[in-house]
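*Asks:* Contents of target.txt (compact mmCIF, C-alpha atoms) are below:
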# COMPACT_ATOMS: atom_id res chain seq x y z
CA MET A 173 -77.59 143.18 -26.09
CA ALA A 174 -80.41 145.57 -25.24
CA SER A 175 -79.64 149.19 -24.38
CA GLY A 176 -80.65 148.88 -20.71
CA ASP A 177 -78.54 145.74 -20.27
CA LEU A 178 -75.58 147.43 -21.88
CA THR A 179 -75.87 150.57 -19.77
CA LEU A 180 -76.02 148.57 -16.55
CA SER A 181 -73.10 146.40 -17.66
CA ILE A 182 -70.94 149.42 -18.50
CA LEU A 183 -71.75 151.23 -15.27
CA GLY A 184 -71.40 148.06 -13.18
CA LEU A 185 -68.06 147.03 -14.64
CA LEU A 186 -66.64 150.55 -14.38
CA GLY A 187 -67.98 150.62 -10.81
CA ARG A 188 -65.29 148.04 -10.06
CA GLY A 189 -62.56 150.25 -11.50
CA PRO A 190 -61.32 152.05 -14.62
CA MET A 191 -60.69 150.06 -17.80
CA HIS A 192 -60.16 150.59 -21.49
CA GLY A 193 -62.85 149.90 -24.09
CA TYR A 194 -61.45 146.59 -25.30
CA GLU A 195 -61.27 145.22 -21.73
CA LEU A 196 -64.80 146.49 -21.06
CA LYS A 197 -66.09 144.73 -24.19
CA ALA A 198 -64.33 141.49 -23.20
CA ARG A 199 -65.86 141.57 -19.72
CA ILE A 200 -69.34 142.30 -21.08
CA HIS A 201 -68.90 139.37 -23.45
CA GLY A 202 -67.87 137.22 -20.49
CA LEU A 203 -71.08 138.12 -18.65
CA SER A 204 -73.57 137.53 -21.44
CA GLY A 205 -71.89 137.43 -24.83
CA HIS A 206 -72.85 133.83 -25.40
CA LEU A 207 -76.51 134.87 -25.19
CA ARG A 208 -76.51 138.49 -26.30
CA PRO A 209 -73.28 139.53 -28.00
CA VAL A 210 -72.33 143.20 -28.00
CA SER A 211 -70.87 144.77 -31.11
CA ASP A 212 -68.59 147.79 -31.36
CA GLY A 213 -71.50 149.49 -33.11
CA ALA A 214 -73.53 149.18 -29.92
CA LEU A 215 -70.83 149.51 -27.25
CA TYR A 216 -69.03 152.66 -28.33
CA PRO A 217 -72.19 154.73 -28.95
CA ALA A 218 -73.47 153.58 -25.53
CA ILE A 219 -70.20 154.75 -23.94
CA ALA A 220 -70.52 158.09 -25.78
CA ARG A 221 -74.09 158.53 -24.46
CA LEU A 222 -72.90 157.82 -20.91
CA GLU A 223 -70.05 160.32 -21.35
CA LYS A 224 -72.52 162.94 -22.60
CA LYS A 225 -74.68 162.38 -19.50
CA GLY A 226 -71.61 162.81 -17.28
CA PHE A 227 -71.65 159.20 -16.04
CA VAL A 228 -68.34 158.16 -17.63
CA GLU A 229 -65.08 160.01 -18.28
CA ARG A 230 -62.40 159.08 -20.79
CA HIS A 231 -58.69 159.80 -20.55
CA GLU A 232 -55.56 158.56 -22.30
CA GLU A 233 -52.87 156.39 -20.76
CA GLU A 234 -49.68 154.87 -22.03
CA GLY A 235 -50.39 151.56 -23.71
CA ALA A 236 -48.25 148.66 -24.82
CA GLY A 237 -45.77 149.91 -27.39
CA ALA A 238 -46.40 153.31 -28.96
CA ALA A 239 -50.20 153.17 -28.88
CA ARG A 240 -52.04 155.14 -26.21
CA ARG A 241 -55.15 153.64 -24.60
CA GLN A 242 -58.47 155.32 -23.92
CA VAL A 243 -59.33 154.51 -20.31
CA LEU A 244 -62.90 154.83 -19.04
CA THR A 245 -63.73 155.82 -15.47
CA LEU A 246 -67.07 156.00 -13.68
CA THR A 247 -67.86 159.49 -12.35
CA GLU A 248 -69.69 160.19 -9.08
CA ALA A 249 -72.84 160.88 -11.13
CA GLY A 250 -72.30 157.54 -12.86
CA ARG A 251 -71.96 155.79 -9.50
CA ARG A 252 -75.21 157.37 -8.32
CA GLU A 253 -76.93 156.20 -11.53
CA LEU A 254 -75.54 152.68 -11.07
CA LEU A 255 -76.79 152.54 -7.48
CA ARG A 256 -80.20 153.88 -8.55
CA ARG A 257 -80.49 151.17 -11.21
CA LEU A 258 -79.51 148.51 -8.68
CA ARG A 259 -81.84 149.83 -5.97
CA GLU A 260 -84.81 150.39 -8.33
CA PRO A 261 -84.48 147.96 -11.23
CA ALA A 262 -86.96 148.19 -14.08
CA ASP A 263 -89.65 145.52 -14.21
CA LEU A 264 -87.92 143.93 -17.21
CA ASP A 265 -84.70 143.63 -15.17
CA ILE A 266 -86.69 141.54 -12.70
CA SER A 267 -88.75 139.43 -15.14
CA ASP A 268 -86.14 138.64 -17.82
CA GLN A 269 -83.73 135.98 -16.54
CA THR A 270 -80.72 137.20 -18.51
CA ARG A 271 -81.27 140.80 -17.44
CA PHE A 272 -81.79 139.67 -13.84
CA PHE A 273 -78.49 137.79 -13.94
CA GLY A 274 -76.88 140.99 -15.24
CA LEU A 275 -78.35 142.79 -12.24
CA LEU A 276 -77.04 140.09 -9.88
CA ALA A 277 -73.56 140.51 -11.33
CA PHE A 278 -73.40 144.01 -9.83
CA LEU A 279 -75.83 143.88 -6.88
CA SER A 280 -72.96 143.60 -4.37
CA GLN A 281 -71.99 147.18 -5.30
CA LEU A 282 -75.23 148.24 -3.60
CA ARG A 283 -73.98 148.13 -0.03
CA ASP A 284 -77.44 148.30 1.60
CA ARG A 285 -78.51 144.75 2.59
CA GLU A 286 -82.17 145.72 2.90
CA ALA A 287 -82.13 147.22 -0.60
CA GLN A 288 -80.47 144.05 -1.92
CA ALA A 289 -83.10 141.90 -0.21
CA ARG A 290 -85.87 144.08 -1.68
CA VAL A 291 -84.57 143.40 -5.20
CA LEU A 292 -84.38 139.64 -4.52
CA ARG A 293 -87.90 139.64 -3.04
CA ARG A 294 -89.21 141.30 -6.21
CA ARG A 295 -87.69 138.52 -8.33
CA LEU A 296 -89.08 135.89 -5.94
CA ALA A 297 -92.57 137.40 -6.16
CA PHE A 298 -92.32 137.37 -9.96
CA LEU A 299 -91.27 133.69 -9.98
CA GLU A 300 -94.07 132.72 -7.59
CA THR A 301 -96.73 134.13 -9.92
CA PRO A 302 -98.22 131.25 -11.95
CA ALA A 303 -97.00 131.45 -15.54
CA SER A 304 -96.39 129.24 -18.52
CA PHE A 305 -95.30 129.38 -22.12
CA PHE A 306 -98.65 127.85 -23.03
CA TYR A 307 -102.19 128.74 -21.92
CA GLU A 308 -105.65 127.31 -22.30
CA ASP A 309 -108.67 129.55 -21.65
CA GLY A 310 -106.33 132.05 -19.95
CA ARG A 311 -104.98 129.43 -17.54
CA PRO A 312 -101.27 128.54 -17.56
CA LEU A 313 -100.68 124.93 -18.59
CA ARG A 314 -98.39 122.63 -16.60
CA ALA A 315 -95.98 120.21 -18.23
CA GLU A 316 -98.26 117.28 -17.40
CA GLU A 317 -101.09 118.90 -19.39
CA VAL A 318 -99.15 119.42 -22.63
CA GLY A 319 -99.10 116.77 -25.36
CA ASP A 320 -96.27 118.13 -27.50
CA PRO A 321 -93.02 116.60 -26.15
CA PHE A 322 -90.97 119.69 -27.00
CA HIS A 323 -93.41 122.04 -25.30
CA ARG A 324 -93.42 119.68 -22.32
CA GLY A 325 -89.62 119.80 -22.31
CA MET A 326 -89.66 123.59 -22.21
CA LEU A 327 -91.99 123.50 -19.22
CA VAL A 328 -90.06 120.78 -17.36
CA VAL A 329 -86.75 122.64 -17.74
CA ALA A 330 -88.30 126.00 -16.84
CA ARG A 331 -89.89 124.47 -13.72
CA ALA A 332 -86.58 122.97 -12.56
CA ILE A 333 -84.78 126.27 -13.05
CA SER A 334 -87.55 128.16 -11.26
CA VAL A 335 -87.52 125.77 -8.29
CA ALA A 336 -83.74 126.10 -7.92
CA GLU A 337 -83.81 129.87 -8.29
CA ARG A 338 -86.64 130.33 -5.79
CA GLU A 339 -84.76 128.17 -3.27
CA TRP A 340 -81.61 130.28 -3.70
CA LEU A 341 -83.59 133.54 -3.50
CA ARG A 342 -85.24 132.50 -0.21
CA GLU A 343 -81.84 131.53 1.25
CA ALA A 344 -80.19 134.75 0.07
CA VAL A 345 -83.01 136.94 1.43
CA ALA A 346 -82.90 135.12 4.80
CA GLU A 347 -79.12 135.61 4.96
CA LEU A 348 -79.42 139.32 4.13
CA GLU A 349 -82.19 139.81 6.68
CA SER A 350 -80.34 137.97 9.45
CA ALA A 351 -77.16 140.04 9.18
CA PRO A 352 -76.49 142.45 12.04
CA ALA A 353 -77.63 146.03 11.44
CA GLY A 354 -75.01 148.01 9.57
CA ALA A 355 -73.23 144.88 8.33
CA ARG A 356 -71.93 145.30 4.81
CA PRO A 357 -72.23 142.52 2.24
CA GLU A 358 -68.98 140.93 1.11
Output the file's structure as structure tokens, nothing else.

*Replies:*
Amino acid sequence: MASGDLTLSILGLLGRGPMHGYELKARIHGLSGHLRPVSDGALYPAIARLEKKGFVERHEEEGAGAARRQVLTLTEAGRRELLRRLREPADLDISDQTRFFGLLAFLSQLRDREAQARVLRRRLAFLETPASFFYEDGRPLRAEEVGDPFHRGMLVVARAISVAEREWLREAVAELESAPAGARPE
């Protein structure tokens, strides 16, 4: 898992409440472990960096049996950083599908509907820009123009996903924009 993904995942999960490192790792794995597994060698240094920045605090609690557990809590500075990352995601968080899904997993913590809609509109604009895995003379090729059956398969699947995602994004933006002023997302 990339550093930016991991930071957002840690902040976003702790934004829901305190948890110990093992639980945090399990939840991160649940979000994207099948695509981008996170190792202890990546997770614990990332937590230490967030502690050093003042975004996360660690304290001990009684655990099962005699062992004590290290519990992680998001600080107010950490919450501000989480909200900043949600409100102003990096371009890669918008263009990379896995990173965008990571962003979606925590977007409800950003309680501003207009800010949520802005993020979704950015993704929609990205998806509406013509693109392909394959180009000819600088022009993106469509599935119907590709002879290789596996390349064509990539394009057919990507098109179907893009169509479904754009439909959902338009519906979600319309719903966010039609909510009464001051309404908070669920």

*Asks:* Rounded to one decimal in Å, what is the spacing between atom CA of A:Lys197 and atom CA of A:Asp263?

*Replies:*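 Computing it gives 25.6 Å between the two atoms.
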
*Asks:* Between A:Leu183, A:Leu282, A:Phe306, A:Glu337, which is the closest to A:Glu248 once you count all atoms listed in the file?

*Replies:* A:Leu183

*Asks:* Up to 8 Å from (-70.6, 154.3, -16.7) in the file's coordinates: name the residues, counting all atoms listed in the file, as a ChimeraX atom specification.

*Replies:* /A:179-180,182-187,219,222-223,227-228,245-247,250-251,254

*Asks:* Using all atoms listed in the file, find the one residue out of A:Leu203, A:Leu327, A:Gly193, A:Pro209 that sits nearest to A:Glu229.

*Replies:* A:Gly193

*Asks:* If you measure from atom CA of A:Ala249 to atom CA of A:Gly226, what distance in Å do you get, rounded to one decimal?

*Replies:*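 Spanning atom CA of A:Ala249 to atom CA of A:Gly226 is a straight-line distance of 6.6 Å.
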
*Asks:* Pick out the residues sitting within 12 Å of A:Thr301, and hand them over as a list in words; count only C-alpha atoms, and ignore anything fewer than 3 positions along from it in its own chain.

*Replies:*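 Contacts, with the query itself left out: Ser267, Arg294, Arg295, Leu296, Ala297, Phe298, Ser304, Pro312, Ser334 and Arg338 of chain A.
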
*Asks:* Choose the residue, out of A:Ala344, A:Val335, A:Ala239, A:Ala303, that has the smallest atom-to-atom separation from A:Gln288; count only C-alpha atoms.

*Replies:*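 Looking only at the distances to A:Gln288, the closest residue turns out to be A:Ala344.
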
*Asks:* Excluding A:Val345 and its own-chain neighbours fewer than 4 positions away, which residues fall within 8 Å of it when counting only C-alpha atoms? Please give them as a PyMOL selection string.

*Replies:* chain A and resi 289+292-293+341+349
